[in-house]
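What follows is the content of protein-v2.tsv, which has TSV, C-alpha atoms:
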chain	number	residue	atom	x	y	z
Y	1	MET	CA	109.33	80.73	164.34
Y	2	ASN	CA	106.99	78.54	166.33
Y	3	GLU	CA	105.29	75.31	165.37
Y	4	VAL	CA	102.03	77.06	164.46
Y	5	GLU	CA	103.67	79.48	162.00
Y	6	VAL	CA	105.42	76.82	159.89
Y	7	PRO	CA	102.24	74.97	158.78
Y	8	TYR	CA	100.53	78.32	158.25
Y	9	LEU	CA	103.39	79.58	156.06
Y	10	PHE	CA	103.46	76.26	154.21
Y	11	ASP	CA	99.71	76.51	153.62
Y	12	GLU	CA	100.09	80.11	152.37
Y	13	ALA	CA	102.88	79.05	150.00
Y	14	GLN	CA	100.75	76.16	148.74
Y	15	GLN	CA	97.80	78.50	148.06
Y	16	ALA	CA	100.09	80.98	146.24
Y	17	LEU	CA	101.45	78.14	144.14
Y	18	ASN	CA	97.92	76.96	143.32
Y	19	ARG	CA	96.89	80.50	142.27
Y	20	ALA	CA	100.01	80.76	140.11
Y	21	LEU	CA	99.18	77.42	138.45
Y	22	VAL	CA	95.61	78.55	137.75
Y	23	LEU	CA	96.82	81.86	136.30
Y	24	HIS	CA	99.41	80.05	134.21
Y	25	HIS	CA	96.76	77.65	132.90
Y	26	GLU	CA	94.38	80.53	132.05
Y	27	ASP	CA	97.18	82.39	130.25
Y	28	SER	CA	98.12	79.25	128.38
Y	29	LEU	CA	94.52	78.80	127.22
Y	30	ARG	CA	94.33	82.46	126.15
Y	31	TYR	CA	97.56	82.17	124.18
Y	32	ARG	CA	96.37	78.98	122.51
Y	33	GLU	CA	93.19	80.74	121.40
Y	34	LYS	CA	95.20	83.67	120.08
Y	35	PHE	CA	97.54	81.27	118.34
Y	36	LYS	CA	94.61	79.46	116.68
Y	37	HIS	CA	93.17	82.81	115.62
Y	38	HIS	CA	96.50	83.91	114.13
Y	39	GLU	CA	96.88	80.58	112.37
Y	40	ALA	CA	93.44	81.03	110.80
Y	41	GLU	CA	94.34	84.57	109.75
Y	42	THR	CA	97.60	83.33	108.27
Y	43	ARG	CA	95.79	80.64	106.26
Y	44	GLU	CA	93.27	83.22	105.06
Y	45	LEU	CA	96.02	85.62	104.02
Y	46	ALA	CA	97.88	82.84	102.24
Y	47	GLU	CA	94.71	81.95	100.34
Y	48	LYS	CA	94.19	85.61	99.42
Y	49	LYS	CA	97.80	85.85	98.28
Y	50	ASP	CA	97.34	82.80	96.06
Y	51	THR	CA	94.09	84.23	94.66
Y	52	TYR	CA	95.74	87.60	93.96
Y	53	LYS	CA	98.61	85.81	92.27
Y	54	LEU	CA	96.25	83.87	90.00
Y	55	VAL	CA	94.27	87.00	89.13
Y	56	SER	CA	97.48	88.90	88.47
Y	57	GLU	CA	98.75	86.14	86.18
Y	58	LYS	CA	95.42	86.06	84.35
Y	59	LEU	CA	95.44	89.82	83.87
Y	60	GLN	CA	99.05	89.68	82.71
Y	61	ALA	CA	98.10	87.09	80.08
Y	62	GLU	CA	95.11	89.19	78.98
Y	63	LEU	CA	97.30	92.27	78.78
Y	64	GLU	CA	99.85	90.42	76.65
Y	65	ALA	CA	97.08	89.19	74.35
Y	66	ALA	CA	95.75	92.75	74.05
Y	67	ARG	CA	99.25	94.04	73.28
Y	68	LYS	CA	99.66	91.41	70.57
Y	69	GLU	CA	96.26	92.21	69.13
Y	70	HIS	CA	97.15	95.91	69.19
Y	71	ALA	CA	100.44	95.24	67.41
Y	72	ASP	CA	98.62	93.14	64.80
Y	73	LEU	CA	96.09	95.90	64.21
Y	74	VAL	CA	98.84	98.48	63.87
Y	75	GLU	CA	100.59	96.25	61.35
Y	76	GLN	CA	97.36	95.83	59.38
Y	77	VAL	CA	96.88	99.58	59.29
Y	78	ARG	CA	100.47	100.06	58.19
Y	79	ARG	CA	100.09	97.51	55.37
Y	80	ILE	CA	96.77	98.91	54.22
Y	81	PHE	CA	97.97	102.46	54.30
Y	82	GLU	CA	101.45	102.30	52.78
Y	83	LEU	CA	101.01	105.67	51.19
Y	84	SER	CA	102.85	108.89	51.71
Y	85	ASP	CA	100.98	111.94	52.97
Y	86	ASP	CA	101.03	113.41	49.47
Y	87	ASN	CA	99.41	110.35	47.92
Y	88	SER	CA	96.82	110.00	50.65
Y	89	GLU	CA	95.28	113.39	49.92
Y	90	THR	CA	95.06	112.52	46.26
Y	91	LEU	CA	93.53	109.15	47.03
Y	92	ALA	CA	91.07	110.60	49.53
Y	93	ASN	CA	89.57	112.70	46.75
Y	94	ASN	CA	89.63	109.80	44.28
Y	95	PRO	CA	86.18	108.42	43.42
Y	96	ASN	CA	87.65	104.93	43.06
Y	97	PRO	CA	85.54	102.56	45.25
Y	98	GLN	CA	88.56	100.43	46.14
Y	99	VAL	CA	90.40	103.44	47.50
Y	100	GLN	CA	87.35	104.51	49.46
Y	101	LYS	CA	86.97	100.98	50.79
Y	102	ARG	CA	90.60	101.02	51.98
Y	103	LEU	CA	90.10	104.40	53.64
Y	104	ASP	CA	86.98	103.06	55.39
Y	105	GLN	CA	88.96	100.03	56.57
Y	106	ILE	CA	91.62	102.34	57.96
Y	107	GLY	CA	88.98	104.28	59.85
Y	108	GLN	CA	87.51	101.07	61.29
Y	109	LEU	CA	90.93	99.77	62.26
Y	110	GLN	CA	91.76	103.05	63.98
Y	111	VAL	CA	88.57	102.72	66.04
Y	112	GLU	CA	89.61	99.17	66.97
Y	113	VAL	CA	93.09	100.34	67.88
Y	114	ASP	CA	91.65	103.05	70.12
Y	115	THR	CA	89.35	100.50	71.78
Y	116	VAL	CA	92.21	98.09	72.42
Y	117	LYS	CA	94.32	100.93	73.84
Y	118	ALA	CA	91.51	101.89	76.21
Y	119	GLU	CA	91.05	98.28	77.30
Y	120	ALA	CA	94.79	97.85	77.84
Y	121	LYS	CA	94.84	101.02	79.94
Y	122	GLU	CA	91.96	99.69	82.08
Y	123	TRP	CA	93.70	96.32	82.48
Y	124	LYS	CA	96.87	98.12	83.53
Y	125	LYS	CA	94.90	100.03	86.18
Y	126	ASN	CA	93.42	96.75	87.45
Y	127	MET	CA	96.85	95.13	87.55
Y	128	ASP	CA	98.26	98.08	89.49
Y	129	ARG	CA	95.33	97.89	91.94
Y	130	LEU	CA	95.81	94.15	92.39
Y	131	ALA	CA	99.56	94.58	92.85
Y	132	SER	CA	98.82	97.10	95.59
Y	133	LYS	CA	96.38	94.71	97.28
Y	134	LYS	CA	98.94	91.95	96.95
Y	135	GLU	CA	101.56	94.07	98.72
Y	136	ILE	CA	99.09	94.87	101.49
Y	137	ALA	CA	98.31	91.17	101.88
Y	138	ARG	CA	102.03	90.37	102.01
Y	139	ALA	CA	102.56	93.00	104.69
Y	140	GLN	CA	99.64	91.61	106.70
Y	141	LEU	CA	101.01	88.11	106.30
Y	142	ALA	CA	104.46	89.20	107.46
Y	143	SER	CA	102.95	90.96	110.46
Y	144	THR	CA	100.94	87.88	111.37
Y	145	GLU	CA	104.01	85.69	111.02
Y	146	VAL	CA	105.93	87.98	113.38
Y	147	GLN	CA	103.06	87.80	115.88
Y	148	LEU	CA	102.96	84.02	115.62
Y	149	ARG	CA	106.71	83.75	116.16
Y	150	SER	CA	106.41	86.01	119.17
Y	151	ILE	CA	103.63	83.88	120.64
Y	152	LYS	CA	105.60	80.70	119.97
Y	153	GLU	CA	108.68	82.16	121.67
Y	154	LYS	CA	106.63	83.01	124.76
Y	155	HIS	CA	105.56	79.40	125.10
Take the structure in the file and give it back as C-alpha cells.
Amino acid sequence: MNEVEVPYLFDEAQQALNRALVLHHEDSLRYREKFKHHEAETRELAEKKDTYKLVSEKLQAELEAARKEHADLVEQVRRIFELSDDNSETLANNPNPQVQKRLDQIGQLQVEVDTVKAEAKEWKKNMDRLASKKEIARAQLASTEVQLRSIKEKH
C-alpha cells in the first residue's frame, strides 16, 4: 500500500461511516414516528375499550332492571289470576264486572310482559354485539402492544 492509497481508503471509510450515520438517523426518525403513531392508536383503543366497558355495564344494569320488572309483572299476573283452568272458563263467561276487570288486567299485563320480553331480547342482542366489539378492540390493543414492544426492542 502506498502513501496515496491510505488517505484515500481513510476518506472512503469516513464517507461510508457518514452515510451509515445518516441512514441510522433517518431510520431512527422513522421509527420514532411509527412509535408515536402506535402510541396514539393504543390510547385510542384504550379509550374505546373504556367506552365499551361503560356501555356494557349500562346495558347490563338496564337488562337487570328489565328482568326485575318482568319478574314483577309475572308475579302480578300470578296473583291476579290464581284460578285453576276449570274456574277460569267459568269466570270468563261470568257477567260480573269485577271478574271482567281482572281478565282485562291480565290481558294488559300479558301485553306488558311480551313488550318487556322483546325489549330484553333486543338489549341482549346489543350486549352481544358490544361484547364482540369489545373483543375486537382487545385483540387490536394486544396487537398494537406487541408492535410497540417490537419497536422498543429494536431501539
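Residues in contact with Glu41 (chain Y) at 10 Å, where all atoms listed in the file are counted and same-chain residues fewer than 4 positions away are skipped, are listed as Phe35, Lys36, His37, Leu45, Ala46, Glu47, Gln140, Leu141, Thr144 and Glu145 of chain Y.
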Next item on the list: Work out how far CA of Asp114 (chain Y) is from CA of Gln76 (chain Y), in Å to one decimal.
Entry: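 Separation of CA of Gln76 (chain Y) and CA of Asp114 (chain Y): 14.1 Å.
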Checklist line | Length of the CA of Ala13 (chain Y) to CA of Tyr31 (chain Y) vector [Å] | finding: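 Computing the Euclidean distance for CA of Ala13 (chain Y) and CA of Tyr31 (chain Y) yields 26.5 Å.
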Check: So how many Å separate CA of Lys68 (chain Y) and CA of Val116 (chain Y), to one decimal?
Finding: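 If I compute the distance from CA of Lys68 (chain Y) to CA of Val116 (chain Y), I get 10.2 Å.
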Margin query: Within 12 Å of (92.3, 97.0, 83.8) (file coordinates; only C-alpha atoms), which protein or nucleic acid residues are there? I'd like them as a ChimeraX atom specification.
Written below: /Y:55-56,58-60,62-63,66,116-131
Check: region 147-153 of chain Y: which residues within 9 Å, counting all atoms listed in the file, same-chain residues fewer than 4 positions away excluded, as a PyMOL selection string?
Finding: chain Y and resi 31-32+34-35+38-39+142-143
Checklist line | Counting only C-alpha atoms, the option among Y:Val99, Y:Val111, Y:Val146, Y:Ile136 closest to Tyr52 (chain Y) | finding: Y:Ile136
Let me know the centre plus edge lengths, in Å and rounded to one decimal, of a box with edges along x, y and z that contains all listed atoms of region 28-33 of chain Y and is padded by 6 Å on every side, as AutoDock Vina command-line options.
--center_x 95.7 --center_y 80.6 --center_z 124.9 --size_x 16.9 --size_y 15.7 --size_z 19.0
Any chance you could build region 24-35 of chain Y out to all heavy atoms and write it as an mmCIF file, keeping the file's coordinate frame?
data_model
loop_
_atom_site.group_PDB
_atom_site.id
_atom_site.type_symbol
_atom_site.label_atom_id
_atom_site.label_comp_id
_atom_site.auth_asym_id
_atom_site.auth_seq_id
_atom_site.Cartn_x
_atom_site.Cartn_y
_atom_site.Cartn_z
ATOM 1 N N HIS Y 24 98.606 80.548 135.318
ATOM 2 C CA HIS Y 24 99.410 80.050 134.210
ATOM 3 C C HIS Y 24 98.534 79.258 133.230
ATOM 4 O O HIS Y 24 98.644 79.421 132.012
ATOM 5 C CB HIS Y 24 100.540 79.170 134.731
ATOM 6 C CG HIS Y 24 101.316 78.518 133.642
ATOM 7 N ND1 HIS Y 24 102.182 79.224 132.831
ATOM 8 C CD2 HIS Y 24 101.355 77.229 133.194
ATOM 9 C CE1 HIS Y 24 102.712 78.405 131.939
ATOM 10 N NE2 HIS Y 24 102.231 77.188 132.140
ATOM 11 N N HIS Y 25 97.661 78.440 133.757
ATOM 12 C CA HIS Y 25 96.760 77.650 132.900
ATOM 13 C C HIS Y 25 95.830 78.570 132.098
ATOM 14 O O HIS Y 25 95.637 78.362 130.897
ATOM 15 C CB HIS Y 25 95.949 76.684 133.763
ATOM 16 C CG HIS Y 25 95.034 75.810 132.969
ATOM 17 N ND1 HIS Y 25 95.493 74.806 132.144
ATOM 18 C CD2 HIS Y 25 93.676 75.803 132.843
ATOM 19 C CE1 HIS Y 25 94.476 74.221 131.558
ATOM 20 N NE2 HIS Y 25 93.359 74.797 131.966
ATOM 21 N N GLU Y 26 95.263 79.584 132.754
ATOM 22 C CA GLU Y 26 94.380 80.530 132.050
ATOM 23 C C GLU Y 26 95.143 81.268 130.951
ATOM 24 O O GLU Y 26 94.641 81.430 129.838
ATOM 25 C CB GLU Y 26 93.780 81.524 133.045
ATOM 26 C CG GLU Y 26 92.737 80.917 133.954
ATOM 27 C CD GLU Y 26 92.270 81.882 135.042
ATOM 28 O OE1 GLU Y 26 92.856 82.985 135.183
ATOM 29 O OE2 GLU Y 26 91.315 81.531 135.764
ATOM 30 N N ASP Y 27 96.370 81.721 131.264
ATOM 31 C CA ASP Y 27 97.180 82.390 130.250
ATOM 32 C C ASP Y 27 97.504 81.463 129.089
ATOM 33 O O ASP Y 27 97.450 81.858 127.921
ATOM 34 C CB ASP Y 27 98.492 82.912 130.855
ATOM 35 C CG ASP Y 27 98.319 84.211 131.596
ATOM 36 O OD1 ASP Y 27 97.247 84.847 131.438
ATOM 37 O OD2 ASP Y 27 99.256 84.605 132.322
ATOM 38 N N SER Y 28 97.810 80.223 129.421
ATOM 39 C CA SER Y 28 98.120 79.250 128.380
ATOM 40 C C SER Y 28 96.918 79.050 127.460
ATOM 41 O O SER Y 28 97.063 79.015 126.227
ATOM 42 C CB SER Y 28 98.517 77.928 129.036
ATOM 43 O OG SER Y 28 98.768 76.959 128.054
ATOM 44 N N LEU Y 29 95.731 78.953 128.036
ATOM 45 C CA LEU Y 29 94.520 78.800 127.220
ATOM 46 C C LEU Y 29 94.299 80.024 126.341
ATOM 47 O O LEU Y 29 93.939 79.909 125.164
ATOM 48 C CB LEU Y 29 93.300 78.547 128.116
ATOM 49 C CG LEU Y 29 93.258 77.189 128.828
ATOM 50 C CD1 LEU Y 29 92.054 77.138 129.773
ATOM 51 C CD2 LEU Y 29 93.213 76.050 127.833
ATOM 52 N N ARG Y 30 94.503 81.212 126.924
ATOM 53 C CA ARG Y 30 94.330 82.460 126.150
ATOM 54 C C ARG Y 30 95.308 82.504 124.981
ATOM 55 O O ARG Y 30 94.937 82.846 123.858
ATOM 56 C CB ARG Y 30 94.550 83.666 127.056
ATOM 57 C CG ARG Y 30 93.302 84.453 127.333
ATOM 58 C CD ARG Y 30 93.570 85.791 128.009
ATOM 59 N NE ARG Y 30 94.575 85.764 129.053
ATOM 60 C CZ ARG Y 30 94.327 85.560 130.349
ATOM 61 N NH1 ARG Y 30 93.103 85.360 130.758
ATOM 62 N NH2 ARG Y 30 95.310 85.569 131.230
ATOM 63 N N TYR Y 31 96.558 82.151 125.242
ATOM 64 C CA TYR Y 31 97.560 82.170 124.180
ATOM 65 C C TYR Y 31 97.253 81.133 123.110
ATOM 66 O O TYR Y 31 97.469 81.380 121.922
ATOM 67 C CB TYR Y 31 98.968 81.967 124.736
ATOM 68 C CG TYR Y 31 99.531 83.220 125.364
ATOM 69 C CD1 TYR Y 31 99.905 83.237 126.690
ATOM 70 C CD2 TYR Y 31 99.685 84.392 124.622
ATOM 71 C CE1 TYR Y 31 100.412 84.389 127.275
ATOM 72 C CE2 TYR Y 31 100.185 85.537 125.202
ATOM 73 C CZ TYR Y 31 100.548 85.537 126.532
ATOM 74 O OH TYR Y 31 101.047 86.670 127.093
ATOM 75 N N ARG Y 32 96.747 79.991 123.501
ATOM 76 C CA ARG Y 32 96.370 78.980 122.510
ATOM 77 C C ARG Y 32 95.254 79.499 121.602
ATOM 78 O O ARG Y 32 95.285 79.287 120.396
ATOM 79 C CB ARG Y 32 95.915 77.692 123.195
ATOM 80 C CG ARG Y 32 97.053 76.866 123.700
ATOM 81 C CD ARG Y 32 96.575 75.546 124.259
ATOM 82 N NE ARG Y 32 97.675 74.875 124.925
ATOM 83 C CZ ARG Y 32 97.533 74.077 125.955
ATOM 84 N NH1 ARG Y 32 96.329 73.822 126.438
ATOM 85 N NH2 ARG Y 32 98.570 73.498 126.507
ATOM 86 N N GLU Y 33 94.278 80.174 122.203
ATOM 87 C CA GLU Y 33 93.190 80.740 121.400
ATOM 88 C C GLU Y 33 93.728 81.803 120.438
ATOM 89 O O GLU Y 33 93.364 81.829 119.267
ATOM 90 C CB GLU Y 33 92.110 81.349 122.304
ATOM 91 C CG GLU Y 33 91.197 80.324 122.930
ATOM 92 C CD GLU Y 33 90.495 79.445 121.902
ATOM 93 O OE1 GLU Y 33 89.918 79.981 120.933
ATOM 94 O OE2 GLU Y 33 90.539 78.212 122.069
ATOM 95 N N LYS Y 34 94.599 82.656 120.945
ATOM 96 C CA LYS Y 34 95.200 83.670 120.080
ATOM 97 C C LYS Y 34 96.005 83.014 118.964
ATOM 98 O O LYS Y 34 95.956 83.437 117.811
ATOM 99 C CB LYS Y 34 96.104 84.612 120.883
ATOM 100 C CG LYS Y 34 95.355 85.619 121.708
ATOM 101 C CD LYS Y 34 96.327 86.563 122.403
ATOM 102 C CE LYS Y 34 95.598 87.591 123.231
ATOM 103 N NZ LYS Y 34 96.510 88.511 123.916
ATOM 104 N N PHE Y 35 96.744 81.987 119.320
ATOM 105 C CA PHE Y 35 97.540 81.270 118.340
ATOM 106 C C PHE Y 35 96.657 80.675 117.249
ATOM 107 O O PHE Y 35 96.943 80.805 116.055
ATOM 108 C CB PHE Y 35 98.362 80.175 119.025
ATOM 109 C CG PHE Y 35 99.246 79.412 118.095
ATOM 110 C CD1 PHE Y 35 100.423 79.963 117.632
ATOM 111 C CD2 PHE Y 35 98.895 78.135 117.670
ATOM 112 C CE1 PHE Y 35 101.240 79.269 116.769
ATOM 113 C CE2 PHE Y 35 99.698 77.429 116.805
ATOM 114 C CZ PHE Y 35 100.879 77.998 116.354
#
